[in-house]
Structure formats: C-alpha cells, structure tokens
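**Student:** File start.txt follows (compact mmCIF, C-alpha atoms):
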```
# COMPACT_ATOMS: atom_id res chain seq x y z
CA MET G 1 -2.47 24.56 18.92
CA ARG G 2 -5.91 26.06 18.69
CA PRO G 3 -8.44 24.43 16.35
CA ILE G 4 -8.74 27.63 14.29
CA HIS G 5 -4.99 27.65 13.68
CA ALA G 6 -5.14 24.05 12.52
CA LEU G 7 -7.91 24.96 10.07
CA LEU G 8 -5.87 27.89 8.76
CA LEU G 9 -2.91 25.59 8.17
CA LEU G 10 -5.12 23.12 6.28
CA ALA G 11 -6.56 25.77 3.94
CA PRO G 12 -3.55 25.79 1.56
CA VAL G 13 -3.57 21.98 1.51
CA ARG G 14 -7.24 21.95 0.56
CA ALA G 15 -6.53 24.50 -2.19
CA LEU G 16 -3.91 22.14 -3.61
CA PHE G 17 -6.44 19.31 -3.84
CA ALA G 18 -9.32 21.40 -5.24
CA PRO G 19 -8.37 20.74 -8.89
CA LEU G 20 -8.22 17.02 -8.12
CA ALA G 21 -11.72 17.11 -6.63
CA GLU G 22 -12.98 19.02 -9.66
CA ALA G 23 -11.45 16.47 -12.03
CA ARG G 24 -12.91 13.62 -9.96
CA ALA G 25 -16.36 15.24 -10.10
CA LYS G 26 -16.10 15.72 -13.89
CA LEU G 27 -15.03 12.08 -14.40
CA ALA G 28 -17.90 10.95 -12.18
CA ALA G 29 -20.36 13.00 -14.24
CA TRP G 30 -19.04 11.33 -17.39
CA SER G 31 -19.34 7.96 -15.70
CA LEU G 32 -22.99 8.73 -14.86
CA GLU G 33 -23.66 9.67 -18.47
CA ASP G 34 -21.98 6.44 -19.60
CA ALA G 35 -24.14 4.44 -17.17
CA ARG G 36 -27.31 6.09 -18.50
CA LEU G 37 -26.32 5.26 -22.07
CA ARG G 38 -25.56 1.65 -21.14
CA ARG G 39 -28.90 1.29 -19.38
CA ARG G 40 -30.70 2.65 -22.44
CA VAL G 41 -28.82 0.26 -24.75
CA GLN G 42 -29.62 -2.65 -22.41
CA ARG G 43 -33.33 -1.77 -22.47
CA GLU G 44 -33.38 -1.40 -26.24
CA THR G 45 -31.52 -4.63 -26.94
CA ARG G 46 -33.29 -6.74 -24.32
CA THR G 47 -35.67 -9.16 -25.88
CA ASP G 48 -37.83 -11.89 -24.50
CA GLU G 49 -36.43 -14.34 -26.98
CA GLN G 50 -34.76 -17.41 -25.59
CA LEU G 51 -31.10 -17.76 -26.34
CA GLY G 52 -30.42 -20.88 -28.32
CA GLY G 53 -27.53 -23.23 -27.85
CA ASP G 54 -25.86 -25.03 -25.02
CA VAL G 55 -27.78 -24.70 -21.74
CA GLU G 56 -24.57 -24.35 -19.71
CA ALA G 57 -23.28 -21.61 -22.00
CA VAL G 58 -26.56 -19.69 -21.70
CA ALA G 59 -26.46 -20.03 -17.89
CA ALA G 60 -22.86 -18.78 -17.82
CA PHE G 61 -23.84 -15.85 -20.06
CA ARG G 62 -26.72 -14.93 -17.69
CA ARG G 63 -24.38 -15.07 -14.65
CA LEU G 64 -21.92 -12.83 -16.47
CA GLN G 65 -24.74 -10.39 -17.28
CA ARG G 66 -25.78 -10.31 -13.60
CA GLU G 67 -22.20 -9.65 -12.40
CA LEU G 68 -21.73 -6.95 -15.02
CA GLY G 69 -25.00 -5.40 -13.87
CA ARG G 70 -23.74 -5.41 -10.25
CA VAL G 71 -20.52 -3.69 -11.31
CA LEU G 72 -22.49 -1.09 -13.26
CA ASP G 73 -24.88 -0.49 -10.34
CA GLU G 74 -21.97 0.00 -7.95
CA GLU G 75 -20.11 2.38 -10.25
CA GLU G 76 -23.27 4.33 -11.01
CA TYR G 77 -23.97 4.71 -7.27
CA ARG G 78 -20.40 5.86 -6.56
CA ALA G 79 -20.41 8.30 -9.48
CA ALA G 80 -23.69 9.85 -8.29
CA ARG G 81 -22.32 10.27 -4.73
CA ILE G 82 -19.07 11.81 -6.04
CA VAL G 83 -21.02 14.32 -8.11
CA GLU G 84 -23.33 15.11 -5.16
CA ARG G 85 -20.36 15.66 -2.85
CA GLY G 86 -18.44 17.87 -5.26
CA GLY G 87 -15.66 15.43 -6.07
CA ALA G 88 -15.20 13.86 -2.64
CA VAL G 89 -13.80 10.34 -2.50
CA VAL G 90 -16.45 7.62 -2.17
CA ARG G 91 -15.24 4.15 -1.27
CA PRO G 92 -16.83 1.09 -2.93
CA ALA G 93 -17.63 -0.35 0.51
CA ASP G 94 -19.68 2.78 1.31
CA ALA G 95 -22.42 1.62 -1.07
CA PRO G 96 -25.46 -0.03 0.52
CA PRO G 97 -25.42 -3.86 0.29
CA ASP G 98 -28.18 -3.94 -2.35
CA VAL G 99 -26.11 -1.72 -4.68
CA ARG G 100 -22.65 -2.94 -3.73
CA GLY G 101 -20.82 -4.85 -6.44
CA PRO G 102 -17.85 -7.23 -6.36
CA LEU G 103 -15.32 -4.49 -5.60
CA GLY G 104 -17.39 -3.14 -2.71
CA ASP G 105 -17.93 -6.66 -1.35
CA LEU G 106 -14.19 -7.32 -1.47
CA GLU G 107 -13.33 -4.03 0.21
CA ALA G 108 -15.99 -4.56 2.89
CA ALA G 109 -14.61 -8.04 3.59
CA LEU G 110 -11.04 -6.75 3.77
CA VAL G 111 -11.85 -3.89 6.11
CA ALA G 112 -14.28 -5.81 8.29
CA PRO G 113 -13.60 -5.18 11.98
CA ASP G 114 -12.31 -8.74 12.44
CA ALA G 115 -9.93 -8.38 9.50
CA VAL G 116 -8.71 -4.98 10.70
CA ALA G 117 -8.24 -6.27 14.25
CA GLY G 118 -6.29 -9.26 12.93
CA PHE G 119 -4.14 -7.03 10.75
CA VAL G 120 -3.46 -4.62 13.60
CA GLN G 121 -2.57 -7.53 15.90
CA ALA G 122 -0.22 -9.06 13.30
CA ALA G 123 1.38 -5.67 12.58
CA GLY G 124 1.80 -5.04 16.30
CA ASP G 125 3.40 -8.44 16.79
CA ALA G 126 5.78 -7.83 13.87
CA VAL G 127 6.72 -4.37 15.14
CA GLY G 128 7.15 -5.72 18.67
CA GLY G 129 9.38 -8.53 17.41
CA ALA G 130 11.46 -6.13 15.31
CA ARG G 131 11.73 -3.75 18.27
CA ASP G 132 12.93 -6.59 20.52
CA VAL G 133 15.57 -7.64 17.98
CA PHE G 134 16.69 -4.02 17.56
CA VAL G 135 16.85 -3.35 21.32
CA ASP G 136 18.75 -6.60 21.90
CA GLY G 137 21.23 -5.69 19.16
CA LEU G 138 21.60 -2.17 20.54
CA ARG G 139 22.31 -3.58 24.02
CA LYS G 140 25.01 -5.81 22.51
CA VAL G 141 26.58 -2.82 20.76
CA VAL G 142 26.57 -0.77 23.99
CA ALA G 143 28.05 -3.68 25.98
CA SER G 144 30.66 -4.30 23.29
CA GLU G 145 31.61 -0.62 23.09
CA THR G 146 31.83 -0.40 26.89
CA THR G 147 34.10 -3.44 26.95
CA ARG G 148 36.19 -2.04 24.09
CA THR G 149 36.60 1.29 25.88
CA LYS G 150 37.71 -0.44 29.10
CA GLN G 151 40.15 -2.66 27.18
CA SER G 152 41.52 0.35 25.30
CA GLU G 153 42.15 2.14 28.59
CA ALA G 154 43.74 -0.97 30.13
CA PHE G 155 46.09 -1.58 27.15
CA GLY G 156 46.80 2.08 26.55
CA ALA G 157 45.98 1.61 22.85
CA ARG G 158 42.87 2.12 20.86
CA LEU G 159 41.07 -1.15 19.99
CA ARG G 160 38.96 -1.56 16.90
CA PRO G 161 35.28 -2.69 17.17
CA LEU G 162 36.35 -5.87 15.39
CA ASP G 163 38.64 -6.72 18.34
CA ALA G 164 35.88 -6.30 20.95
CA PRO G 165 33.11 -8.80 21.78
CA PRO G 166 30.74 -9.40 18.84
CA SER G 167 28.40 -6.55 17.93
CA TRP G 168 26.93 -4.92 14.87
CA LEU G 169 29.77 -2.43 14.71
CA GLY G 170 32.36 -5.19 14.85
CA ASP G 171 30.49 -7.21 12.21
CA LEU G 172 30.23 -4.12 10.00
CA GLU G 173 33.93 -3.37 10.39
CA GLY G 174 34.76 -6.99 9.58
CA PHE G 175 32.59 -6.87 6.46
CA VAL G 176 34.12 -3.60 5.23
CA ASP G 177 37.61 -4.88 6.04
CA ALA G 178 37.00 -8.07 4.05
CA ILE G 179 35.77 -6.09 1.05
CA TYR G 180 38.79 -3.79 1.27
CA ARG G 181 41.22 -6.72 1.44
CA GLU G 182 39.55 -8.49 -1.50
CA GLU G 183 39.61 -5.33 -3.63
CA ARG G 184 43.22 -4.65 -2.64
CA ALA G 185 44.17 -8.21 -3.62
CA ARG G 186 42.29 -7.90 -6.90
CA VAL G 187 43.98 -4.63 -7.80
CA ASP G 188 47.43 -5.88 -6.78
CA SER G 189 47.13 -9.21 -8.58
CA ALA G 190 48.69 -9.71 -11.98
CA THR G 191 45.58 -11.33 -13.42
CA SER G 192 43.31 -9.39 -15.61
CA ARG G 193 39.58 -9.33 -15.64
CA PRO G 194 37.89 -12.02 -17.74
CA ALA G 195 36.30 -10.76 -20.93
```
Any chance you could give the structure as structure tokens?

**Tutor:**
Amino acid sequence: MRPIHALLLLAPVRALFAPLAEARAKLAAWSLEDARLRRRVQRETRTDEQLGGDVEAVAAFRRLQRELGRVLDEEEYRAARIVERGGAVVRPADAPPDVRGPLGDLEAALVAPDAVAGFVQAAGDAVGGARDVFVDGLRKVVASETTRTKQSEAFGARLRPLDAPPSWLGDLEGFVDAIYREERARVDSATSRPA
C-alpha cells in the first residue's frame, strides 16, 4: 500500500478523534487557569511567620507542601504542552526531570528501558511457554485422532474420541458425557430439589 493511501485511510479516524482533542485542549486550558489561581493564592497566603506546634508535624506539613507543589508543577507543565499542541496527549514522563512530579517519576521508572526489556522478556517467555503447551496438546489431539481413525477402520465401527488415547477432544467428550449423565440422573430421580 502506498503511503498516500495509508494517510487517506487515516483521515476519517483522525476526524473521529478531533472532538476528543478539542475537549482535551479545553480541559488543559482550564487546568492552566486553575494552576494560575492556585499560584496566586499561594503567594498571597505565604507568610514568613513560623508555624507553631510540634516540630515533626511542621516538618511533615512542609514535605506535604513540597510534594503538592511538585504535582502542581507537573500538571501545569502538561496542561501547557497540551494547549500548545492542540489537544495532543502528553505523558507525565515527557516532562523534564526538574518539572516532573510523582506521577511522571513513577511512569518513567515503569517504562525505563530495563523495565521494558524485562517485561518483554517475561511476556515472551510466557507466550513461548503457552505456545509449547498448546502445540504439545495439539500434537496429542492429532495423534489421538489418527489412532482413532485407524481403529475405526480396523473395527469397521466409528469410535468416539473418549475411546481413543487421551486427548483434549476425549477429555471434553468425557466431561460433557458426565454432565449429561448427571443431569439425566437428576431429572429421572424421584427426589425433588431442596428449598
């Protein structure tokens, strides 16, 4: 497919997401206005007075203020980039380290190359293991069905998968057969259902 054809196919998809980008840009603009108002309130309420009381409580309050400031800086940065880019998605980890807050730090740590490589390796191992189990089971089904076909031809009668060497089909037939027999026995029994 030519690149121009691919772009033409993507045009309707982009049109579908345009309202979402507009809404994201509007929300980001509101977030910027909120950040400006918070900054102004912080400046107006900041005093040089010492907080009285327990020293540990004051230290905890200051740490909380710092973390809240980091969150606000990160969100303000992201909102400004979203507005600049017309509603495009801006990841928290995209913020520079001096502006990045707790969410950006967490995302950057989770998508670090080492973490991604480890995740890809683990996912590959899991998929490989599942594939091996599936292929092994499929080989057993093929072998069982081949044996069943040969036995059916030798006996001149059709054998059920349950009568052939163990396989998924035989196990499934056995399971369904057991359910059928239990339901048949329940329906045919004279006992009634407990209340």

**Student:** Do a neighbour search on region 29-42 of chain G at 9 Å with only C-alpha atoms, toss out local chain neighbours closer than 3 positions, and write the hits as a list of chain:residue names.

**Tutor:** G:Arg24, G:Ala25, G:Lys26, G:Thr45, G:Arg46, G:Leu72, G:Asp73, G:Glu75, G:Glu76, G:Tyr77, G:Ala79, G:Ala80, G:Ile82, G:Val83

**Student:** Record the distance separating CA of Trp168 (chain G) and CA of Val135 (chain G), expressed in Å with one decimal.

**Tutor:**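 Going from CA of Trp168 (chain G) over to CA of Val135 (chain G), I get 12.1 Å.
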
**Student:** Which residue gives the smallest distance to Glu84 (chain G) among G:Ala126, G:Glu22, G:Arg62, G:Glu67, with all atoms listed in the file counted?

**Tutor:** G:Glu22

**Student:** Kindly indicate which residue among G:Pro102, G:Gly53, G:Pro161, G:Pro92 lies nearest to Asp177 (chain G), using only C-alpha atoms for the distances.

**Tutor:**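 For Asp177 (chain G), the nearest of the candidates is G:Pro161.
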
**Student:** Interatomic distance between CA of Arg85 (chain G) and CA of Arg100 (chain G)?

**Tutor:**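 About the pair CA of Arg85 (chain G) and CA of Arg100 (chain G): they are 18.8 Å apart.
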
**Student:** Gln151 (chain G): which residues within 12 Å, counting all atoms listed in the file, same-chain residues fewer than 5 positions away excluded, as a VMD selection string?

**Tutor:** chain G and resid 144 to 146 156 to 161 163 to 165

**Student:** Can I get the selected residues back with C-alpha atoms, as a PDB file, in the frame of the given file?

**Tutor:**
```pdb
ATOM      1  CA  SER G 144      30.660  -4.300  23.290  1.00  0.00           C
ATOM      2  CA  GLU G 145      31.610  -0.620  23.090  1.00  0.00           C
ATOM      3  CA  THR G 146      31.830  -0.400  26.890  1.00  0.00           C
ATOM      4  CA  GLY G 156      46.800   2.080  26.550  1.00  0.00           C
ATOM      5  CA  ALA G 157      45.980   1.610  22.850  1.00  0.00           C
ATOM      6  CA  ARG G 158      42.870   2.120  20.860  1.00  0.00           C
ATOM      7  CA  LEU G 159      41.070  -1.150  19.990  1.00  0.00           C
ATOM      8  CA  ARG G 160      38.960  -1.560  16.900  1.00  0.00           C
ATOM      9  CA  PRO G 161      35.280  -2.690  17.170  1.00  0.00           C
ATOM     10  CA  ASP G 163      38.640  -6.720  18.340  1.00  0.00           C
ATOM     11  CA  ALA G 164      35.880  -6.300  20.950  1.00  0.00           C
ATOM     12  CA  PRO G 165      33.110  -8.800  21.780  1.00  0.00           C
TER      13      PRO G 165
END
```

**Student:** CA of Gly86 (chain G) to CA of Ala21 (chain G): how many Å, to one decimal?

**Tutor:**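 These two atoms are separated by 6.9 Å.
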